[in-house]
file final30.pdb (PDB, C-alpha atoms)
ATOM      1  CA  MET R   1      74.197  64.054  -4.087  1.00  0.00           C
ATOM      2  CA  ASP R   2      70.616  64.423  -5.229  1.00  0.00           C
ATOM      3  CA  PRO R   3      70.412  64.170  -9.056  1.00  0.00           C
ATOM      4  CA  LYS R   4      67.496  66.632  -9.100  1.00  0.00           C
ATOM      5  CA  VAL R   5      67.599  69.358 -11.728  1.00  0.00           C
ATOM      6  CA  TYR R   6      66.969  72.637  -9.939  1.00  0.00           C
ATOM      7  CA  ALA R   7      64.774  75.337 -11.464  1.00  0.00           C
ATOM      8  CA  CYS R   8      66.248  78.823 -11.786  1.00  0.00           C
ATOM      9  CA  GLY R   9      64.795  82.249 -12.369  1.00  0.00           C
ATOM     10  CA  VAL R  10      66.764  85.230 -13.653  1.00  0.00           C
ATOM     11  CA  LEU R  11      65.584  88.742 -12.813  1.00  0.00           C
ATOM     12  CA  THR R  12      67.273  91.697 -14.471  1.00  0.00           C
ATOM     13  CA  VAL R  13      66.911  94.958 -12.571  1.00  0.00           C
ATOM     14  CA  SER R  14      67.241  97.903 -14.961  1.00  0.00           C
ATOM     15  CA  ASP R  15      65.210 101.042 -15.553  1.00  0.00           C
ATOM     16  CA  LYS R  16      66.337 101.274 -19.185  1.00  0.00           C
ATOM     17  CA  GLY R  17      65.887  97.551 -19.744  1.00  0.00           C
ATOM     18  CA  ALA R  18      62.357  97.645 -18.339  1.00  0.00           C
ATOM     19  CA  ARG R  19      61.515 100.546 -20.670  1.00  0.00           C
ATOM     20  CA  GLY R  20      62.985  98.712 -23.677  1.00  0.00           C
ATOM     21  CA  GLU R  21      65.760 101.291 -24.103  1.00  0.00           C
ATOM     22  CA  ARG R  22      68.628  98.859 -23.470  1.00  0.00           C
ATOM     23  CA  GLU R  23      69.128  95.237 -24.472  1.00  0.00           C
ATOM     24  CA  ASP R  24      69.574  92.944 -21.503  1.00  0.00           C
ATOM     25  CA  THR R  25      72.825  91.057 -22.022  1.00  0.00           C
ATOM     26  CA  ALA R  26      73.438  89.943 -18.419  1.00  0.00           C
ATOM     27  CA  GLY R  27      70.148  88.116 -17.849  1.00  0.00           C
ATOM     28  CA  PRO R  28      70.321  85.836 -20.903  1.00  0.00           C
ATOM     29  CA  LEU R  29      74.015  85.173 -20.209  1.00  0.00           C
ATOM     30  CA  ILE R  30      73.263  84.132 -16.617  1.00  0.00           C
ATOM     31  CA  GLU R  31      70.420  81.914 -17.808  1.00  0.00           C
ATOM     32  CA  ARG R  32      72.687  80.269 -20.396  1.00  0.00           C
ATOM     33  CA  VAL R  33      75.525  79.659 -17.904  1.00  0.00           C
ATOM     34  CA  LEU R  34      73.102  78.137 -15.405  1.00  0.00           C
ATOM     35  CA  ALA R  35      71.522  75.910 -18.080  1.00  0.00           C
ATOM     36  CA  GLU R  36      74.981  74.749 -19.209  1.00  0.00           C
ATOM     37  CA  ASN R  37      75.640  73.774 -15.595  1.00  0.00           C
ATOM     38  CA  GLY R  38      72.553  71.646 -15.063  1.00  0.00           C
ATOM     39  CA  PHE R  39      69.914  74.148 -13.947  1.00  0.00           C
ATOM     40  CA  ARG R  40      66.522  74.369 -15.643  1.00  0.00           C
ATOM     41  CA  PRO R  41      65.497  77.895 -16.662  1.00  0.00           C
ATOM     42  CA  ALA R  42      61.988  78.424 -15.296  1.00  0.00           C
ATOM     43  CA  ALA R  43      61.484  82.194 -15.241  1.00  0.00           C
ATOM     44  CA  TYR R  44      62.979  85.359 -16.669  1.00  0.00           C
ATOM     45  CA  ALA R  45      61.891  88.975 -16.268  1.00  0.00           C
ATOM     46  CA  ILE R  46      63.119  92.548 -16.348  1.00  0.00           C
ATOM     47  CA  VAL R  47      61.918  95.037 -13.744  1.00  0.00           C
ATOM     48  CA  PRO R  48      62.857  98.674 -13.083  1.00  0.00           C
ATOM     49  CA  ASP R  49      65.138  99.692 -10.214  1.00  0.00           C
ATOM     50  CA  GLU R  50      62.227  99.871  -7.779  1.00  0.00           C
ATOM     51  CA  ALA R  51      62.165  97.941  -4.519  1.00  0.00           C
ATOM     52  CA  ALA R  52      58.473  97.012  -4.799  1.00  0.00           C
ATOM     53  CA  ALA R  53      58.918  95.564  -8.297  1.00  0.00           C
ATOM     54  CA  ILE R  54      62.003  93.578  -7.238  1.00  0.00           C
ATOM     55  CA  ARG R  55      60.333  92.257  -4.089  1.00  0.00           C
ATOM     56  CA  GLY R  56      57.157  91.343  -5.937  1.00  0.00           C
ATOM     57  CA  LYS R  57      58.962  89.231  -8.511  1.00  0.00           C
ATOM     58  CA  VAL R  58      61.302  87.561  -5.998  1.00  0.00           C
ATOM     59  CA  CYS R  59      58.397  86.685  -3.692  1.00  0.00           C
ATOM     60  CA  ASP R  60      56.321  85.345  -6.587  1.00  0.00           C
ATOM     61  CA  TRP R  61      59.149  83.123  -7.772  1.00  0.00           C
ATOM     62  CA  THR R  62      60.176  81.843  -4.328  1.00  0.00           C
ATOM     63  CA  ASP R  63      56.838  81.658  -2.511  1.00  0.00           C
ATOM     64  CA  ARG R  64      54.332  80.830  -5.248  1.00  0.00           C
ATOM     65  CA  GLN R  65      56.367  79.200  -8.015  1.00  0.00           C
ATOM     66  CA  ALA R  66      58.858  77.473  -5.666  1.00  0.00           C
ATOM     67  CA  ILE R  67      61.817  78.249  -7.929  1.00  0.00           C
ATOM     68  CA  ASP R  68      64.936  76.758  -6.378  1.00  0.00           C
ATOM     69  CA  LEU R  69      67.440  79.447  -7.411  1.00  0.00           C
ATOM     70  CA  VAL R  70      66.664  83.114  -8.044  1.00  0.00           C
ATOM     71  CA  VAL R  71      69.466  85.201  -9.497  1.00  0.00           C
ATOM     72  CA  THR R  72      69.167  88.945  -9.989  1.00  0.00           C
ATOM     73  CA  ALA R  73      71.383  91.070 -12.248  1.00  0.00           C
ATOM     74  CA  GLY R  74      71.749  94.786 -11.631  1.00  0.00           C
ATOM     75  CA  GLY R  75      71.169  97.338  -8.942  1.00  0.00           C
ATOM     76  CA  THR R  76      74.046  96.262  -6.666  1.00  0.00           C
ATOM     77  CA  GLY R  77      76.303  99.278  -7.170  1.00  0.00           C
ATOM     78  CA  LEU R  78      76.365 102.779  -5.717  1.00  0.00           C
ATOM     79  CA  SER R  79      74.170 104.675  -8.164  1.00  0.00           C
ATOM     80  CA  PRO R  80      71.199 106.400  -6.527  1.00  0.00           C
ATOM     81  CA  ARG R  81      68.742 104.014  -8.235  1.00  0.00           C
ATOM     82  CA  ASP R  82      70.683 100.857  -7.199  1.00  0.00           C
ATOM     83  CA  VAL R  83      68.332  99.337  -4.618  1.00  0.00           C
ATOM     84  CA  THR R  84      68.519  95.589  -5.202  1.00  0.00           C
ATOM     85  CA  PRO R  85      70.250  94.719  -1.888  1.00  0.00           C
ATOM     86  CA  GLU R  86      67.823  96.911   0.056  1.00  0.00           C
ATOM     87  CA  ALA R  87      64.889  95.265  -1.726  1.00  0.00           C
ATOM     88  CA  VAL R  88      66.102  91.690  -1.283  1.00  0.00           C
ATOM     89  CA  ARG R  89      67.674  91.713   2.201  1.00  0.00           C
ATOM     90  CA  PRO R  90      64.359  92.034   4.124  1.00  0.00           C
ATOM     91  CA  LEU R  91      63.014  89.033   2.189  1.00  0.00           C
ATOM     92  CA  LEU R  92      65.808  86.717   3.334  1.00  0.00           C
ATOM     93  CA  ASP R  93      65.447  84.187   6.121  1.00  0.00           C
ATOM     94  CA  ARG R  94      69.233  83.851   6.293  1.00  0.00           C
ATOM     95  CA  GLU R  95      72.132  85.575   4.565  1.00  0.00           C
ATOM     96  CA  ILE R  96      75.064  83.567   3.201  1.00  0.00           C
ATOM     97  CA  PRO R  97      77.943  86.032   3.541  1.00  0.00           C
ATOM     98  CA  GLY R  98      80.541  83.575   2.230  1.00  0.00           C
ATOM     99  CA  MET R  99      78.955  83.587  -1.211  1.00  0.00           C
ATOM    100  CA  ALA R 100      78.964  87.387  -1.428  1.00  0.00           C
ATOM    101  CA  GLU R 101      82.550  87.435  -0.174  1.00  0.00           C
ATOM    102  CA  ALA R 102      83.594  84.864  -2.789  1.00  0.00           C
ATOM    103  CA  MET R 103      81.974  86.890  -5.555  1.00  0.00           C
ATOM    104  CA  ARG R 104      83.728  90.105  -4.531  1.00  0.00           C
ATOM    105  CA  LEU R 105      87.061  88.328  -4.057  1.00  0.00           C
ATOM    106  CA  ALA R 106      86.896  86.817  -7.555  1.00  0.00           C
ATOM    107  CA  SER R 107      86.047  90.200  -9.070  1.00  0.00           C
ATOM    108  CA  LEU R 108      88.721  92.005  -7.064  1.00  0.00           C
ATOM    109  CA  GLN R 109      91.292  89.934  -8.918  1.00  0.00           C
ATOM    110  CA  LYS R 110      90.122  91.688 -12.096  1.00  0.00           C
ATOM    111  CA  THR R 111      89.241  95.214 -10.947  1.00  0.00           C
ATOM    112  CA  PRO R 112      89.498  97.303  -7.769  1.00  0.00           C
ATOM    113  CA  HIS R 113      85.972  98.542  -8.459  1.00  0.00           C
ATOM    114  CA  ALA R 114      84.655  95.162  -7.293  1.00  0.00           C
ATOM    115  CA  MET R 115      84.922  96.395  -3.721  1.00  0.00           C
ATOM    116  CA  LEU R 116      82.018  98.729  -4.512  1.00  0.00           C
ATOM    117  CA  SER R 117      79.656  95.836  -5.231  1.00  0.00           C
ATOM    118  CA  ARG R 118      76.920  95.365  -2.668  1.00  0.00           C
ATOM    119  CA  GLY R 119      75.776  91.971  -3.952  1.00  0.00           C
ATOM    120  CA  LEU R 120      74.431  89.489  -1.438  1.00  0.00           C
ATOM    121  CA  ALA R 121      73.228  85.906  -1.174  1.00  0.00           C
ATOM    122  CA  GLY R 122      70.740  84.229   1.102  1.00  0.00           C
ATOM    123  CA  THR R 123      67.769  81.968   1.500  1.00  0.00           C
ATOM    124  CA  ARG R 124      64.024  82.417   1.491  1.00  0.00           C
ATOM    125  CA  GLY R 125      62.136  79.283   2.380  1.00  0.00           C
ATOM    126  CA  LYS R 126      63.679  76.542   0.246  1.00  0.00           C
ATOM    127  CA  SER R 127      65.001  78.955  -2.381  1.00  0.00           C
ATOM    128  CA  LEU R 128      68.504  80.342  -2.780  1.00  0.00           C
ATOM    129  CA  ILE R 129      68.755  83.996  -3.878  1.00  0.00           C
ATOM    130  CA  ILE R 130      71.882  85.626  -5.304  1.00  0.00           C
ATOM    131  CA  THR R 131      72.234  89.242  -6.457  1.00  0.00           C
ATOM    132  CA  LEU R 132      74.787  89.917  -9.188  1.00  0.00           C
ATOM    133  CA  PRO R 133      76.067  93.069 -10.891  1.00  0.00           C
ATOM    134  CA  GLY R 134      74.282  94.248 -14.023  1.00  0.00           C
ATOM    135  CA  SER R 135      77.105  94.089 -16.542  1.00  0.00           C
ATOM    136  CA  ALA R 136      77.337  90.786 -18.372  1.00  0.00           C
ATOM    137  CA  LYS R 137      81.096  90.539 -17.705  1.00  0.00           C
ATOM    138  CA  ALA R 138      80.809  91.163 -13.966  1.00  0.00           C
ATOM    139  CA  ALA R 139      77.710  88.982 -13.656  1.00  0.00           C
ATOM    140  CA  ARG R 140      79.557  86.065 -15.274  1.00  0.00           C
ATOM    141  CA  GLU R 141      82.627  86.541 -13.048  1.00  0.00           C
ATOM    142  CA  ASN R 142      80.503  86.666  -9.903  1.00  0.00           C
ATOM    143  CA  LEU R 143      78.336  83.720 -10.915  1.00  0.00           C
ATOM    144  CA  GLU R 144      81.350  81.574 -11.802  1.00  0.00           C
ATOM    145  CA  ALA R 145      82.780  82.229  -8.324  1.00  0.00           C
ATOM    146  CA  VAL R 146      79.792  80.571  -6.610  1.00  0.00           C
ATOM    147  CA  LEU R 147      78.619  78.183  -9.322  1.00  0.00           C
ATOM    148  CA  PRO R 148      80.442  75.117  -7.931  1.00  0.00           C
ATOM    149  CA  ALA R 149      78.533  75.433  -4.631  1.00  0.00           C
ATOM    150  CA  LEU R 150      75.026  76.244  -5.899  1.00  0.00           C
ATOM    151  CA  ALA R 151      73.541  72.764  -6.373  1.00  0.00           C
ATOM    152  CA  HIS R 152      74.911  71.555  -3.051  1.00  0.00           C
ATOM    153  CA  ALA R 153      73.641  74.670  -1.277  1.00  0.00           C
ATOM    154  CA  ILE R 154      70.135  74.105  -2.638  1.00  0.00           C
ATOM    155  CA  TYR R 155      70.308  70.398  -1.819  1.00  0.00           C
ATOM    156  CA  LYS R 156      71.174  71.178   1.817  1.00  0.00           C
ATOM    157  CA  LEU R 157      68.655  74.028   2.010  1.00  0.00           C
ATOM    158  CA  GLN R 158      65.899  71.677   0.857  1.00  0.00           C
ATOM    159  CA  GLY R 159      66.717  69.064   3.493  1.00  0.00           C
ATOM    160  CA  GLY R 160      69.413  66.958   1.823  1.00  0.00           C
ATOM    161  CA  GLU R 161      71.093  64.857   4.469  1.00  0.00           C
ATOM    162  CA  LYS R 162      74.318  63.722   2.818  1.00  0.00           C
ATOM    163  CA  ASP R 163      77.439  65.277   4.305  1.00  0.00           C
ATOM    164  CA  CYS R 164      79.439  67.959   2.525  1.00  0.00           C
ATOM    165  CA  GLY R 165      82.153  65.632   1.229  1.00  0.00           C
ATOM    166  CA  GLY R 166      84.321  68.545   0.081  1.00  0.00           C
TER
END
call {"tool": "encode", "arguments": {"input": "final30.pdb", "output": "structure tokens"}}
result
Amino acid sequence: MDPKVYACGVLTVSDKGARGEREDTAGPLIERVLAENGFRPAAYAIVPDEAAAIRGKVCDWTDRQAIDLVVTAGGTGLSPRDVTPEAVRPLLDREIPGMAEAMRLASLQKTPHAMLSRGLAGTRGKSLIITLPGSAKAARENLEAVLPALAHAIYKLQGGEKDCGG
């Protein structure tokens, strides 16, 4: 496969985090796990649970900065302010339901509350976008479920022609 190091951006979605009232533990953890697995951290931000703020950052990173992998943390639950899926879904060219299913399945093995997660995955241009829960523990569990497929997914998305050897 392509030995390219893919750039990643981590976007934490949290009203309290954006106001400086809560330390973001999920975002830095996601960034660290991705770096340990060969991705190059290229962007990090915290935005409030507002669709316009989420969309603005995701579009900037995918369309202008050409970041290969954008991962969000937070806003995927059922709270009234949880709007990450609604903000991200209209931006996607294609959804990748298998990734979201794998994340929920992995979490369901730990807690029945995982079935409440509305996380999704998809593509925008040549970028892969994944939305994770906001807790560091759940974000790690979800990320680890899809981590083995991320580099290959980006490789194929960006025109890689080698077959999926398994």
call {"tool": "closest_atom_pairs", "arguments": {"input": "final30.pdb", "of": "region 108-148 of chain R", "to": "region 55-61 of chain R", "cutoff": "12 Å", "atoms": "all atoms listed in the file", "output": "CSV"}}
result
residue,atom,partner,partner_atom,distance
R:Thr123,CA,R:Val58,CA,11.4
R:Arg124,CA,R:Cys59,CA,8.8
R:Gly125,CA,R:Cys59,CA,10.3
R:Lys126,CA,R:Trp61,CA,11.3
R:Ser127,CA,R:Trp61,CA,9.0
R:Leu128,CA,R:Val58,CA,10.7
R:Ile129,CA,R:Val58,CA,8.5
R:Ile130,CA,R:Val58,CA,10.8
R:Thr131,CA,R:Val58,CA,11.1
call {"tool": "resolve_selection", "arguments": {"input": "final30.pdb", "expression": "the PyMOL selection byres ((chain R and resi 101) around 12)", "output": "list in words"}}
result
Glu95, Ile96, Pro97, Gly98, Met99, Ala100, Ala102, Met103, Arg104, Leu105, Ala106, Ser107, Leu108, Ala114, Met115, Ser117, Arg118, Gly119, Leu120, Ala121, Ile130, Asn142, Ala145 and Val146 of chain R
call {"tool": "closest_atom_pairs", "arguments": {"input": "final30.pdb", "of": "region 70-146 of chain R", "to": "region 21-24 of chain R", "cutoff": "10 Å", "atoms": "all atoms listed in the file", "output": "Markdown table"}}
result
| residue | atom | partner | partner_atom | distance |
| --- | --- | --- | --- | --- |
| R:Ala73 | CA | R:Asp24 | CA | 9.6 |
| R:Gly134 | CA | R:Asp24 | CA | 8.9 |
| R:Ser135 | CA | R:Asp24 | CA | 9.1 |
| R:Ala136 | CA | R:Asp24 | CA | 8.6 |
call {"tool": "resolve_selection", "arguments": {"input": "final30.pdb", "expression": "the PyMOL selection byres ((chain R and resi 54) around 9)", "output": "list in words"}}
result
Leu11, Val13, Val47, Pro48, Asp49, Glu50, Ala51, Ala52, Ala53, Arg55, Gly56, Lys57, Val58, Cys59, Thr72, Val83, Thr84, Ala87 and Val88 of chain R
call {"tool": "atom_distance", "arguments": {"input": "final30.pdb", "atom1": "CA of Pro28 (chain R)", "atom2": "CA of Ala43 (chain R)"}}
result
11.1 Å
call {"tool": "atom_distance", "arguments": {"input": "final30.pdb", "atom1": "CA of Phe39 (chain R)", "atom2": "CA of Val70 (chain R)"}}
result
11.2 Å
call {"tool": "atom_distance", "arguments": {"input": "final30.pdb", "atom1": "CA of Ala138 (chain R)", "atom2": "CA of Tyr6 (chain R)"}}
result
23.5 Å
call {"tool": "resolve_selection", "arguments": {"input": "final30.pdb", "expression": "the PyMOL selection byres ((chain R and resi 42) around 8)", "output": "ChimeraX atom specification"}}
result
/R:7-9,40-41,43-44,67
call {"tool": "axis_aligned_box", "arguments": {"input": "final30.pdb", "around": "region 58-63 of chain R", "padding_each_side": "8 Å", "output": "AutoDock Vina command-line options"}}
result
--center_x 58.8 --center_y 84.6 --center_z -5.1 --size_x 21.0 --size_y 21.9 --size_z 21.3
call {"tool": "build_atoms", "arguments": {"input": "final30.pdb", "residues": "region 66-93 of chain R", "atoms": "N, CA and C atoms", "output": "PDB file, in the coordinates of the input"}}
result
ATOM      1  N   ALA R  66      57.878  78.374  -6.292  1.00  0.00           N
ATOM      2  CA  ALA R  66      58.858  77.473  -5.666  1.00  0.00           C
ATOM      3  C   ALA R  66      60.090  77.258  -6.547  1.00  0.00           C
ATOM      4  N   ILE R  67      60.593  78.333  -7.134  1.00  0.00           N
ATOM      5  CA  ILE R  67      61.817  78.249  -7.929  1.00  0.00           C
ATOM      6  C   ILE R  67      62.987  78.073  -6.974  1.00  0.00           C
ATOM      7  N   ASP R  68      63.848  77.123  -7.277  1.00  0.00           N
ATOM      8  CA  ASP R  68      64.936  76.758  -6.378  1.00  0.00           C
ATOM      9  C   ASP R  68      66.017  77.819  -6.259  1.00  0.00           C
ATOM     10  N   LEU R  69      66.357  78.460  -7.374  1.00  0.00           N
ATOM     11  CA  LEU R  69      67.440  79.447  -7.411  1.00  0.00           C
ATOM     12  C   LEU R  69      66.951  80.700  -8.119  1.00  0.00           C
ATOM     13  N   VAL R  70      67.008  81.826  -7.443  1.00  0.00           N
ATOM     14  CA  VAL R  70      66.664  83.114  -8.044  1.00  0.00           C
ATOM     15  C   VAL R  70      67.936  83.952  -8.092  1.00  0.00           C
ATOM     16  N   VAL R  71      68.271  84.391  -9.296  1.00  0.00           N
ATOM     17  CA  VAL R  71      69.466  85.201  -9.497  1.00  0.00           C
ATOM     18  C   VAL R  71      69.042  86.540 -10.081  1.00  0.00           C
ATOM     19  N   THR R  72      69.450  87.623  -9.448  1.00  0.00           N
ATOM     20  CA  THR R  72      69.167  88.945  -9.989  1.00  0.00           C
ATOM     21  C   THR R  72      70.434  89.499 -10.628  1.00  0.00           C
ATOM     22  N   ALA R  73      70.262  90.387 -11.591  1.00  0.00           N
ATOM     23  CA  ALA R  73      71.383  91.070 -12.248  1.00  0.00           C
ATOM     24  C   ALA R  73      71.072  92.559 -12.256  1.00  0.00           C
ATOM     25  N   GLY R  74      71.921  93.341 -11.619  1.00  0.00           N
ATOM     26  CA  GLY R  74      71.749  94.786 -11.631  1.00  0.00           C
ATOM     27  C   GLY R  74      71.310  95.349 -10.295  1.00  0.00           C
ATOM     28  N   GLY R  75      71.616  96.621 -10.123  1.00  0.00           N
ATOM     29  CA  GLY R  75      71.169  97.338  -8.942  1.00  0.00           C
ATOM     30  C   GLY R  75      71.983  97.094  -7.690  1.00  0.00           C
ATOM     31  N   THR R  76      73.223  96.563  -7.843  1.00  0.00           N
ATOM     32  CA  THR R  76      74.046  96.262  -6.666  1.00  0.00           C
ATOM     33  C   THR R  76      75.184  97.262  -6.457  1.00  0.00           C
ATOM     34  N   GLY R  77      75.223  98.300  -7.269  1.00  0.00           N
ATOM     35  CA  GLY R  77      76.303  99.278  -7.170  1.00  0.00           C
ATOM     36  C   GLY R  77      75.952 100.443  -6.260  1.00  0.00           C
ATOM     37  N   LEU R  78      76.540 101.602  -6.563  1.00  0.00           N
ATOM     38  CA  LEU R  78      76.365 102.779  -5.717  1.00  0.00           C
ATOM     39  C   LEU R  78      75.509 103.880  -6.338  1.00  0.00           C
ATOM     40  N   SER R  79      75.015 103.655  -7.540  1.00  0.00           N
ATOM     41  CA  SER R  79      74.170 104.675  -8.164  1.00  0.00           C
ATOM     42  C   SER R  79      72.921 104.906  -7.316  1.00  0.00           C
ATOM     43  N   PRO R  80      72.376 106.110  -7.347  1.00  0.00           N
ATOM     44  CA  PRO R  80      71.199 106.400  -6.527  1.00  0.00           C
ATOM     45  C   PRO R  80      70.026 105.444  -6.747  1.00  0.00           C
ATOM     46  N   ARG R  81      69.863 104.919  -7.949  1.00  0.00           N
ATOM     47  CA  ARG R  81      68.742 104.014  -8.235  1.00  0.00           C
ATOM     48  C   ARG R  81      69.072 102.551  -7.927  1.00  0.00           C
ATOM     49  N   ASP R  82      70.286 102.236  -7.515  1.00  0.00           N
ATOM     50  CA  ASP R  82      70.683 100.857  -7.199  1.00  0.00           C
ATOM     51  C   ASP R  82      70.115 100.460  -5.840  1.00  0.00           C
ATOM     52  N   VAL R  83      69.023  99.690  -5.860  1.00  0.00           N
ATOM     53  CA  VAL R  83      68.332  99.337  -4.618  1.00  0.00           C
ATOM     54  C   VAL R  83      68.133  97.829  -4.444  1.00  0.00           C
ATOM     55  N   THR R  84      68.763  97.036  -5.286  1.00  0.00           N
ATOM     56  CA  THR R  84      68.519  95.589  -5.202  1.00  0.00           C
ATOM     57  C   THR R  84      68.846  95.013  -3.827  1.00  0.00           C
ATOM     58  N   PRO R  85      69.999  95.292  -3.214  1.00  0.00           N
ATOM     59  CA  PRO R  85      70.250  94.719  -1.888  1.00  0.00           C
ATOM     60  C   PRO R  85      69.217  95.156  -0.844  1.00  0.00           C
ATOM     61  N   GLU R  86      68.826  96.420  -0.896  1.00  0.00           N
ATOM     62  CA  GLU R  86      67.823  96.911   0.056  1.00  0.00           C
ATOM     63  C   GLU R  86      66.462  96.257  -0.165  1.00  0.00           C
ATOM     64  N   ALA R  87      66.157  95.924  -1.423  1.00  0.00           N
ATOM     65  CA  ALA R  87      64.889  95.265  -1.726  1.00  0.00           C
ATOM     66  C   ALA R  87      64.901  93.802  -1.309  1.00  0.00           C
ATOM     67  N   VAL R  88      66.030  93.134  -1.518  1.00  0.00           N
ATOM     68  CA  VAL R  88      66.102  91.690  -1.283  1.00  0.00           C
ATOM     69  C   VAL R  88      66.392  91.335   0.174  1.00  0.00           C
ATOM     70  N   ARG R  89      67.250  92.076   0.831  1.00  0.00           N
ATOM     71  CA  ARG R  89      67.674  91.713   2.201  1.00  0.00           C
ATOM     72  C   ARG R  89      66.502  91.461   3.156  1.00  0.00           C
ATOM     73  N   PRO R  90      65.462  92.297   3.188  1.00  0.00           N
ATOM     74  CA  PRO R  90      64.359  92.034   4.124  1.00  0.00           C
ATOM     75  C   PRO R  90      63.570  90.757   3.803  1.00  0.00           C
ATOM     76  N   LEU R  91      63.725  90.247   2.586  1.00  0.00           N
ATOM     77  CA  LEU R  91      63.014  89.033   2.189  1.00  0.00           C
ATOM     78  C   LEU R  91      63.723  87.766   2.658  1.00  0.00           C
ATOM     79  N   LEU R  92      65.000  87.885   3.016  1.00  0.00           N
ATOM     80  CA  LEU R  92      65.808  86.717   3.334  1.00  0.00           C
ATOM     81  C   LEU R  92      65.538  86.177   4.729  1.00  0.00           C
ATOM     82  N   ASP R  93      65.491  84.849   4.815  1.00  0.00           N
ATOM     83  CA  ASP R  93      65.447  84.187   6.121  1.00  0.00           C
ATOM     84  C   ASP R  93      66.849  84.173   6.725  1.00  0.00           C
TER      85      ASP R  93
END
